[in-house]
file target15.txt (compact mmCIF, C-alpha atoms)
# COMPACT_ATOMS: atom_id res chain seq x y z
CA MET A 1 96.91 -130.51 23.06
CA LEU A 2 95.99 -126.97 22.07
CA LYS A 3 92.40 -126.99 20.79
CA TYR A 4 91.22 -123.37 20.75
CA ILE A 5 92.53 -119.81 20.89
CA ASP A 6 90.35 -116.91 22.01
CA ILE A 7 92.05 -114.09 20.12
CA HIS A 8 90.08 -111.30 21.82
CA SER A 9 89.24 -111.50 25.51
CA HIS A 10 89.19 -109.06 28.40
CA ILE A 11 90.13 -111.04 31.50
CA ASN A 12 92.00 -107.84 32.40
CA PHE A 13 88.61 -106.17 33.04
CA ALA A 14 86.98 -105.60 36.42
CA ALA A 15 84.32 -108.21 35.64
CA TYR A 16 86.87 -110.87 36.65
CA ASP A 17 88.28 -109.24 39.79
CA GLU A 18 86.86 -111.93 42.07
CA ASP A 19 87.97 -115.05 40.17
CA ARG A 20 90.45 -114.00 37.46
CA ASN A 21 93.10 -116.65 38.10
CA GLU A 22 90.49 -119.40 38.35
CA VAL A 23 89.04 -118.38 34.97
CA ILE A 24 92.47 -118.38 33.32
CA LYS A 25 93.50 -121.70 34.83
CA ARG A 26 90.20 -123.31 33.86
CA THR A 27 90.69 -122.06 30.31
CA LEU A 28 94.25 -123.37 30.02
CA GLU A 29 93.27 -126.72 31.53
CA ASN A 30 90.71 -127.03 28.74
CA ASP A 31 93.41 -126.64 26.07
CA THR A 32 92.44 -123.07 25.22
CA TRP A 33 94.81 -120.11 24.93
CA ILE A 34 93.93 -116.47 25.62
CA ILE A 35 94.90 -113.13 24.10
CA ASN A 36 93.85 -110.35 26.48
CA VAL A 37 93.21 -107.05 24.74
CA GLY A 38 93.83 -103.64 26.28
CA THR A 39 91.53 -100.63 25.91
CA LYS A 40 93.58 -97.91 27.63
CA THR A 41 96.76 -97.53 29.70
CA GLU A 42 95.54 -99.44 32.77
CA THR A 43 93.94 -102.38 30.99
CA SER A 44 96.84 -102.64 28.54
CA GLU A 45 99.39 -102.69 31.32
CA TYR A 46 97.35 -105.29 33.19
CA ALA A 47 97.07 -107.47 30.09
CA VAL A 48 100.88 -107.60 29.98
CA LYS A 49 101.07 -108.37 33.70
CA LEU A 50 98.69 -111.31 33.27
CA ALA A 51 100.71 -112.62 30.34
CA GLU A 52 103.84 -112.54 32.51
CA GLU A 53 102.19 -114.68 35.18
CA PHE A 54 101.80 -117.70 32.88
CA ASP A 55 104.59 -119.47 31.02
CA GLU A 56 102.41 -120.33 28.05
CA GLY A 57 98.94 -119.70 26.71
CA VAL A 58 98.30 -116.13 27.88
CA TYR A 59 99.27 -113.20 25.66
CA ALA A 60 98.55 -109.47 25.40
CA ILE A 61 97.53 -106.84 22.88
CA VAL A 62 97.95 -103.23 23.99
CA GLY A 63 96.37 -100.01 22.82
CA LEU A 64 93.78 -97.29 23.22
CA HIS A 65 90.15 -98.02 22.32
CA PRO A 66 88.54 -95.20 20.31
CA ILE A 67 85.84 -94.57 22.92
CA HIS A 68 88.56 -93.90 25.49
CA SER A 69 90.06 -91.07 23.45
CA ASN A 70 87.01 -88.86 24.13
CA LYS A 71 84.69 -88.14 27.03
CA SER A 72 82.56 -91.26 27.22
CA PHE A 73 80.47 -93.64 29.27
CA HIS A 74 82.02 -96.83 30.63
CA ASP A 75 80.34 -99.85 32.12
CA LYS A 76 81.38 -101.40 35.41
CA GLU A 77 82.48 -104.65 33.71
CA GLU A 78 85.41 -102.90 32.05
CA LEU A 79 87.15 -100.76 34.63
CA GLY A 80 84.88 -100.85 37.65
CA SER A 81 84.30 -97.73 39.69
CA GLU A 82 83.18 -98.93 43.09
CA GLY A 83 80.91 -101.32 41.22
CA LYS A 84 79.25 -98.55 39.21
CA PRO A 85 79.35 -97.32 35.61
CA PHE A 86 81.00 -93.93 35.11
CA ASN A 87 82.05 -91.27 32.61
CA SER A 88 85.71 -90.71 31.70
CA SER A 89 87.33 -87.48 30.51
CA GLY A 90 89.21 -89.17 27.67
CA GLU A 91 92.84 -90.21 27.25
CA ASN A 92 95.57 -88.99 24.92
CA PHE A 93 97.67 -91.65 23.23
CA ASP A 94 101.01 -91.88 25.03
CA TYR A 95 103.28 -93.20 22.27
CA GLU A 96 106.30 -93.72 24.54
CA PHE A 97 104.26 -95.57 27.17
CA TYR A 98 102.87 -97.99 24.60
CA LYS A 99 106.29 -98.42 22.96
CA LYS A 100 107.58 -99.83 26.23
CA LEU A 101 104.65 -102.24 26.47
CA VAL A 102 104.95 -103.38 22.85
CA ALA A 103 108.59 -104.31 23.43
CA HIS A 104 107.47 -107.06 25.82
CA PRO A 105 107.88 -110.51 24.20
CA LYS A 106 104.34 -111.59 25.05
CA VAL A 107 102.71 -108.56 23.43
CA VAL A 108 101.51 -109.81 20.05
CA GLY A 109 99.61 -106.83 18.63
CA ILE A 110 98.34 -103.25 18.90
CA GLY A 111 94.77 -102.45 19.91
CA GLU A 112 92.04 -102.55 20.25
CA CYS A 113 92.15 -99.45 18.14
CA GLY A 114 90.11 -97.91 15.37
CA LEU A 115 87.03 -95.71 15.15
CA ASP A 116 83.69 -95.83 16.93
CA TYR A 117 81.00 -93.41 15.77
CA PHE A 118 78.13 -95.13 17.61
CA ARG A 119 77.81 -92.35 20.20
CA THR A 120 80.32 -89.91 18.74
CA LEU A 121 78.65 -87.23 16.61
CA ASP A 122 80.95 -84.28 17.31
CA PRO A 123 83.36 -83.77 14.35
CA ALA A 124 86.18 -82.72 16.72
CA GLU A 125 85.83 -85.94 18.72
CA ARG A 126 85.86 -88.00 15.53
CA ASP A 127 89.01 -86.18 14.43
CA LYS A 128 90.61 -87.02 17.77
CA GLN A 129 89.75 -90.70 17.25
CA LYS A 130 91.35 -90.59 13.80
CA SER A 131 94.52 -89.02 15.19
CA VAL A 132 94.77 -91.65 17.94
CA PHE A 133 94.13 -94.43 15.43
CA ARG A 134 96.86 -93.14 13.08
CA GLN A 135 99.37 -93.11 15.93
CA GLN A 136 98.60 -96.74 16.70
CA VAL A 137 98.89 -97.71 13.03
CA GLU A 138 102.32 -96.08 13.04
CA LEU A 139 103.29 -97.91 16.23
CA ALA A 140 102.22 -101.22 14.69
CA ILE A 141 104.30 -100.54 11.59
CA GLU A 142 107.32 -99.49 13.66
CA PHE A 143 107.23 -102.73 15.67
CA ASP A 144 105.93 -104.92 12.83
CA LYS A 145 102.90 -106.00 14.87
CA PRO A 146 99.33 -106.69 13.69
CA LEU A 147 96.49 -104.35 14.57
CA MET A 148 93.40 -105.42 16.48
CA ILE A 149 90.73 -103.24 14.89
CA HIS A 150 87.58 -102.06 16.65
CA CYS A 151 85.04 -100.40 14.38
CA ARG A 152 81.42 -99.32 14.78
CA GLU A 153 79.63 -97.30 12.13
CA ALA A 154 82.96 -96.13 10.70
CA TYR A 155 84.23 -98.84 8.35
CA GLU A 156 84.77 -96.49 5.39
CA ASP A 157 86.90 -94.12 7.47
CA VAL A 158 88.94 -96.97 8.95
CA LEU A 159 89.63 -98.29 5.45
CA GLU A 160 90.57 -94.82 4.22
CA ILE A 161 93.17 -94.43 6.98
CA LEU A 162 94.60 -97.92 6.45
CA ASN A 163 94.92 -97.29 2.73
CA GLU A 164 96.90 -94.12 3.47
CA TYR A 165 99.63 -96.30 5.01
CA LYS A 166 99.43 -99.43 2.87
CA LEU A 167 101.56 -98.30 -0.07
CA ASP A 168 104.59 -97.41 2.05
CA ALA A 169 104.16 -99.97 4.84
CA GLY A 170 103.49 -103.00 2.62
CA GLU A 171 103.22 -106.27 4.56
CA LYS A 172 104.00 -104.51 7.84
CA LEU A 173 100.48 -103.11 7.75
CA ARG A 174 98.25 -106.00 8.72
CA GLY A 175 95.51 -106.62 11.20
CA ASN A 176 92.33 -108.30 12.29
CA VAL A 177 88.90 -106.66 12.34
CA HIS A 178 87.39 -107.91 15.55
CA PHE A 179 83.63 -108.55 15.97
CA PHE A 180 83.20 -107.85 12.28
CA ALA A 181 79.68 -106.64 11.42
CA GLY A 182 80.13 -104.86 8.11
CA SER A 183 78.73 -105.63 4.69
CA LEU A 184 80.13 -108.13 2.20
CA GLU A 185 81.58 -105.24 0.18
CA ILE A 186 83.35 -103.85 3.26
CA ALA A 187 84.61 -107.35 4.10
CA LYS A 188 86.04 -107.65 0.58
CA GLN A 189 87.92 -104.36 0.99
CA PHE A 190 89.53 -105.55 4.24
CA LEU A 191 90.41 -108.88 2.64
CA ASP A 192 91.97 -107.05 -0.30
CA LEU A 193 94.17 -105.21 2.22
CA GLY A 194 95.28 -108.59 3.58
CA PHE A 195 93.35 -108.21 6.83
CA THR A 196 91.53 -111.00 8.64
CA MET A 197 88.18 -111.00 10.45
CA SER A 198 87.05 -112.56 13.71
CA PHE A 199 83.60 -113.43 14.99
CA THR A 200 82.16 -113.68 18.49
CA GLY A 201 79.43 -115.67 20.19
CA VAL A 202 76.83 -113.43 18.57
CA ILE A 203 76.93 -115.77 15.55
CA THR A 204 75.47 -118.54 17.75
CA PHE A 205 72.19 -116.67 18.24
CA ALA A 206 71.93 -114.03 15.48
CA LYS A 207 71.41 -115.21 11.92
CA ASP A 208 72.45 -111.81 10.51
CA TYR A 209 76.08 -112.96 10.47
CA GLU A 210 75.68 -116.18 8.53
CA GLU A 211 76.26 -114.67 5.08
CA LEU A 212 79.41 -112.94 6.34
CA VAL A 213 80.81 -116.11 7.94
CA LYS A 214 80.19 -117.99 4.70
CA PHE A 215 81.87 -115.24 2.69
CA VAL A 216 85.14 -114.89 4.64
CA PRO A 217 87.71 -117.50 3.44
CA MET A 218 88.70 -120.09 6.01
CA ASP A 219 92.31 -118.89 6.02
CA LYS A 220 91.19 -115.33 6.87
CA ILE A 221 88.89 -116.07 9.79
CA MET A 222 89.48 -116.33 13.54
CA SER A 223 87.33 -116.95 16.62
CA GLU A 224 86.96 -114.80 19.72
CA THR A 225 84.68 -114.25 22.70
CA ASP A 226 85.08 -110.52 23.47
CA CYS A 227 84.36 -111.69 27.02
CA PRO A 228 82.82 -110.65 29.35
CA TYR A 229 80.37 -109.57 26.62
CA VAL A 230 78.17 -111.43 24.06
CA THR A 231 78.07 -114.84 25.72
CA PRO A 232 77.34 -117.53 23.10
CA ALA A 233 74.52 -120.04 23.16
CA PRO A 234 73.99 -122.31 25.04
CA HIS A 235 75.49 -120.18 27.85
CA ARG A 236 73.36 -117.06 27.36
CA GLY A 237 72.66 -115.27 30.63
CA LYS A 238 76.06 -116.15 32.13
CA ARG A 239 79.19 -114.02 32.17
CA ASN A 240 81.24 -114.88 29.11
CA GLU A 241 84.63 -116.62 29.40
CA PRO A 242 87.41 -117.57 26.94
CA ILE A 243 86.51 -121.26 27.33
CA TYR A 244 83.27 -120.54 25.44
CA VAL A 245 85.22 -119.79 22.26
CA GLN A 246 84.64 -123.44 21.41
CA GLU A 247 80.99 -122.60 20.74
CA VAL A 248 82.07 -119.96 18.22
CA ALA A 249 84.34 -122.45 16.46
CA LYS A 250 81.54 -125.02 16.30
CA LYS A 251 79.14 -122.46 14.83
CA ILE A 252 81.64 -121.38 12.17
CA ALA A 253 81.93 -125.01 11.09
CA GLU A 254 78.15 -125.39 11.05
CA ILE A 255 77.56 -122.22 9.00
CA LYS A 256 80.29 -123.08 6.52
CA GLU A 257 79.12 -126.72 6.38
CA LEU A 258 82.65 -127.95 7.06
CA ASN A 259 84.08 -130.66 9.28
CA GLU A 260 84.14 -129.38 12.86
CA GLU A 261 87.55 -130.84 13.71
CA GLU A 262 89.14 -129.44 10.56
CA VAL A 263 87.70 -126.00 11.27
CA ARG A 264 88.94 -126.14 14.86
CA GLU A 265 92.45 -127.00 13.69
CA LYS A 266 92.42 -124.27 11.03
CA LEU A 267 91.30 -121.61 13.50
CA VAL A 268 94.19 -122.50 15.80
CA GLU A 269 96.61 -122.52 12.87
CA ASN A 270 95.36 -119.13 11.67
CA ALA A 271 95.70 -117.54 15.11
CA ARG A 272 99.15 -118.94 15.87
CA LYS A 273 100.52 -117.86 12.52
CA PHE A 274 98.89 -114.43 12.53
CA TRP A 275 99.78 -113.42 16.10
CA GLY A 276 103.09 -115.30 16.20
CA ILE A 277 102.28 -117.46 19.21
call {"tool": "encode", "arguments": {"input": "target15.txt", "output": "structure tokens"}}
result
Amino acid sequence: MLKYIDIHSHINFAAYDEDRNEVIKRTLENDTWIINVGTKTETSEYAVKLAEEFDEGVYAIVGLHPIHSNKSFHDKEELGSEGKPFNSSGENFDYEFYKKLVAHPKVVGIGECGLDYFRTLDPAERDKQKSVFRQQVELAIEFDKPLMIHCREAYEDVLEILNEYKLDAGEKLRGNVHFFAGSLEIAKQFLDLGFTMSFTGVITFAKDYEELVKFVPMDKIMSETDCPYVTPAPHRGKRNEPIYVQEVAKKIAEIKELNEEEVREKLVENARKFWGI
């Protein structure tokens, strides 16, 4: 019986090169499904390849992460460069390449895409991120797929761009804001757009998120790991895995003071309906 869905994982990253299949099989054997999320051409293509290798329970989201559209630093867990972190020169969004990936039946969304101003101060680089984000919004509308939004220190600009498309796109413009860390007012604006929000294992050890988790309606919330990052308690210090999404689900129930089993079922229902799996 399906018990959990990790809607945002990165088993396609180099952090799992030594035991990737074992991690996936262990996850599926524990009644948990996985959506692997791409961050650039290579990781997006690999997410699709992994989805193809399993009949059920492994899906893909493809797209270009905002930090990959500019010159930027990358840790070894993501792409690996002889086991060392490295700097990339940036990637342009190849619309035709991603169109081919999105046509695959196990690709359920576009992303992770959005804006990330955490280390990006140059106005030209921010403009490039906006251009790349708009192209992915247009791809999502063309294929009627949800967006997987990544956003750091740029929520207002993300909302501005989404609102540019909302009037014409209608219900075709939809998405999930992953690892949501904005204010209640920002959350309300995303909810008003019809977007959902997902939370990671950070909610198991940081109280800063409790007000947000309480605020987001149960039918607009999903659970994720963002593995290999932000491992939840009680597994802190270990590499994160999709199987640990159960800890996120438990914490959501605890914060909302709801029945754990009912919350678990609702999170699965939300994810299956939203991503069409």
call {"tool": "closest_residue", "arguments": {"input": "target15.txt", "among": "A:Lys71, A:Lys49, A:Lys172, A:His178", "to": "Asp226 of chain A", "atoms": "only C-alpha atoms"}}
result
A:His178
call {"tool": "closest_residue", "arguments": {"input": "target15.txt", "among": "A:Glu211, A:Glu224, A:Glu125, A:Glu156", "to": "Val37 of chain A", "atoms": "only C-alpha atoms"}}
result
A:Glu224
call {"tool": "residues_near_point", "arguments": {"input": "target15.txt", "point": "(97.7, -105.1, 21.4)", "cutoff": "8 Å", "atoms": "only C-alpha atoms", "output": "PDB file with C-alpha atoms, in the frame of the given file"}}
result
ATOM      1  CA  VAL A  37      93.210-107.050  24.740  1.00  0.00           C
ATOM      2  CA  GLY A  38      93.830-103.640  26.280  1.00  0.00           C
ATOM      3  CA  SER A  44      96.840-102.640  28.540  1.00  0.00           C
ATOM      4  CA  ALA A  60      98.550-109.470  25.400  1.00  0.00           C
ATOM      5  CA  ILE A  61      97.530-106.840  22.880  1.00  0.00           C
ATOM      6  CA  VAL A  62      97.950-103.230  23.990  1.00  0.00           C
ATOM      7  CA  GLY A  63      96.370-100.010  22.820  1.00  0.00           C
ATOM      8  CA  VAL A 102     104.950-103.380  22.850  1.00  0.00           C
ATOM      9  CA  VAL A 107     102.710-108.560  23.430  1.00  0.00           C
ATOM     10  CA  VAL A 108     101.510-109.810  20.050  1.00  0.00           C
ATOM     11  CA  GLY A 109      99.610-106.830  18.630  1.00  0.00           C
ATOM     12  CA  ILE A 110      98.340-103.250  18.900  1.00  0.00           C
ATOM     13  CA  GLY A 111      94.770-102.450  19.910  1.00  0.00           C
ATOM     14  CA  GLU A 112      92.040-102.550  20.250  1.00  0.00           C
ATOM     15  CA  LEU A 147      96.490-104.350  14.570  1.00  0.00           C
ATOM     16  CA  MET A 148      93.400-105.420  16.480  1.00  0.00           C
TER      17      MET A 148
END
call {"tool": "residues_near_point", "arguments": {"input": "target15.txt", "point": "(98.5, -92.6, 16.4)", "cutoff": "12 Å", "atoms": "all atoms listed in the file", "output": "PyMOL selection string"}}
result
chain A and resi 63-66+69+92-96+98-99+110-111+113-115+127-142+161-162
call {"tool": "atom_distance", "arguments": {"input": "target15.txt", "atom1": "atom CA of Phe180 of chain A", "atom2": "atom CA of Tyr117 of chain A"}}
result
15.0 Å
call {"tool": "atom_distance", "arguments": {"input": "target15.txt", "atom1": "atom CA of Asp116 of chain A", "atom2": "atom CA of Met218 of chain A"}}
result
27.1 Å
call {"tool": "atom_distance", "arguments": {"input": "target15.txt", "atom1": "atom CA of Asp19 of chain A", "atom2": "atom CA of Asn240 of chain A"}}
result
12.9 Å
call {"tool": "closest_residue", "arguments": {"input": "target15.txt", "among": "A:Tyr229, A:Ile186, A:Glu210, A:Ala169", "to": "Phe13 of chain A", "atoms": "only C-alpha atoms"}}
result
A:Tyr229
call {"tool": "closest_residue", "arguments": {"input": "target15.txt", "among": "A:Val230, A:Ala206, A:Leu212, A:Leu28", "to": "Met1 of chain A", "atoms": "all atoms listed in the file"}}
result
A:Leu28
call {"tool": "closest_residue", "arguments": {"input": "target15.txt", "among": "A:Ala253, A:Lys188, A:Pro228, A:Ile243", "to": "Lys25 of chain A", "atoms": "all atoms listed in the file"}}
result
A:Ile243
call {"tool": "residues_around", "arguments": {"input": "target15.txt", "residues": "segment 3-12 of chain A", "least_positions_apart": "5", "cutoff": "7 Å", "atoms": "all atoms listed in the file", "output": "list in words"}}
result
Arg20, Asp31, Thr32, Trp33, Ile34, Ile35, Asn36, Val37, Thr43, Tyr46, Ala47, Ser223, Glu224, Thr225, Asp226, Cys227, Pro228, Pro242, Val245, Gln246, Arg264, Val268 and Ala271 of chain A
call {"tool": "closest_residue", "arguments": {"input": "target15.txt", "among": "A:His150, A:His68, A:Lys251, A:Arg239", "to": "Glu91 of chain A", "atoms": "only C-alpha atoms"}}
result
A:His68
call {"tool": "residues_around", "arguments": {"input": "target15.txt", "residues": "Ala187 of chain A", "least_positions_apart": "3", "cutoff": "9 Å", "atoms": "all atoms listed in the file", "output": "MDAnalysis selection string"}}
result
chainID A and resid 180:184 190:192 197 212 215:216
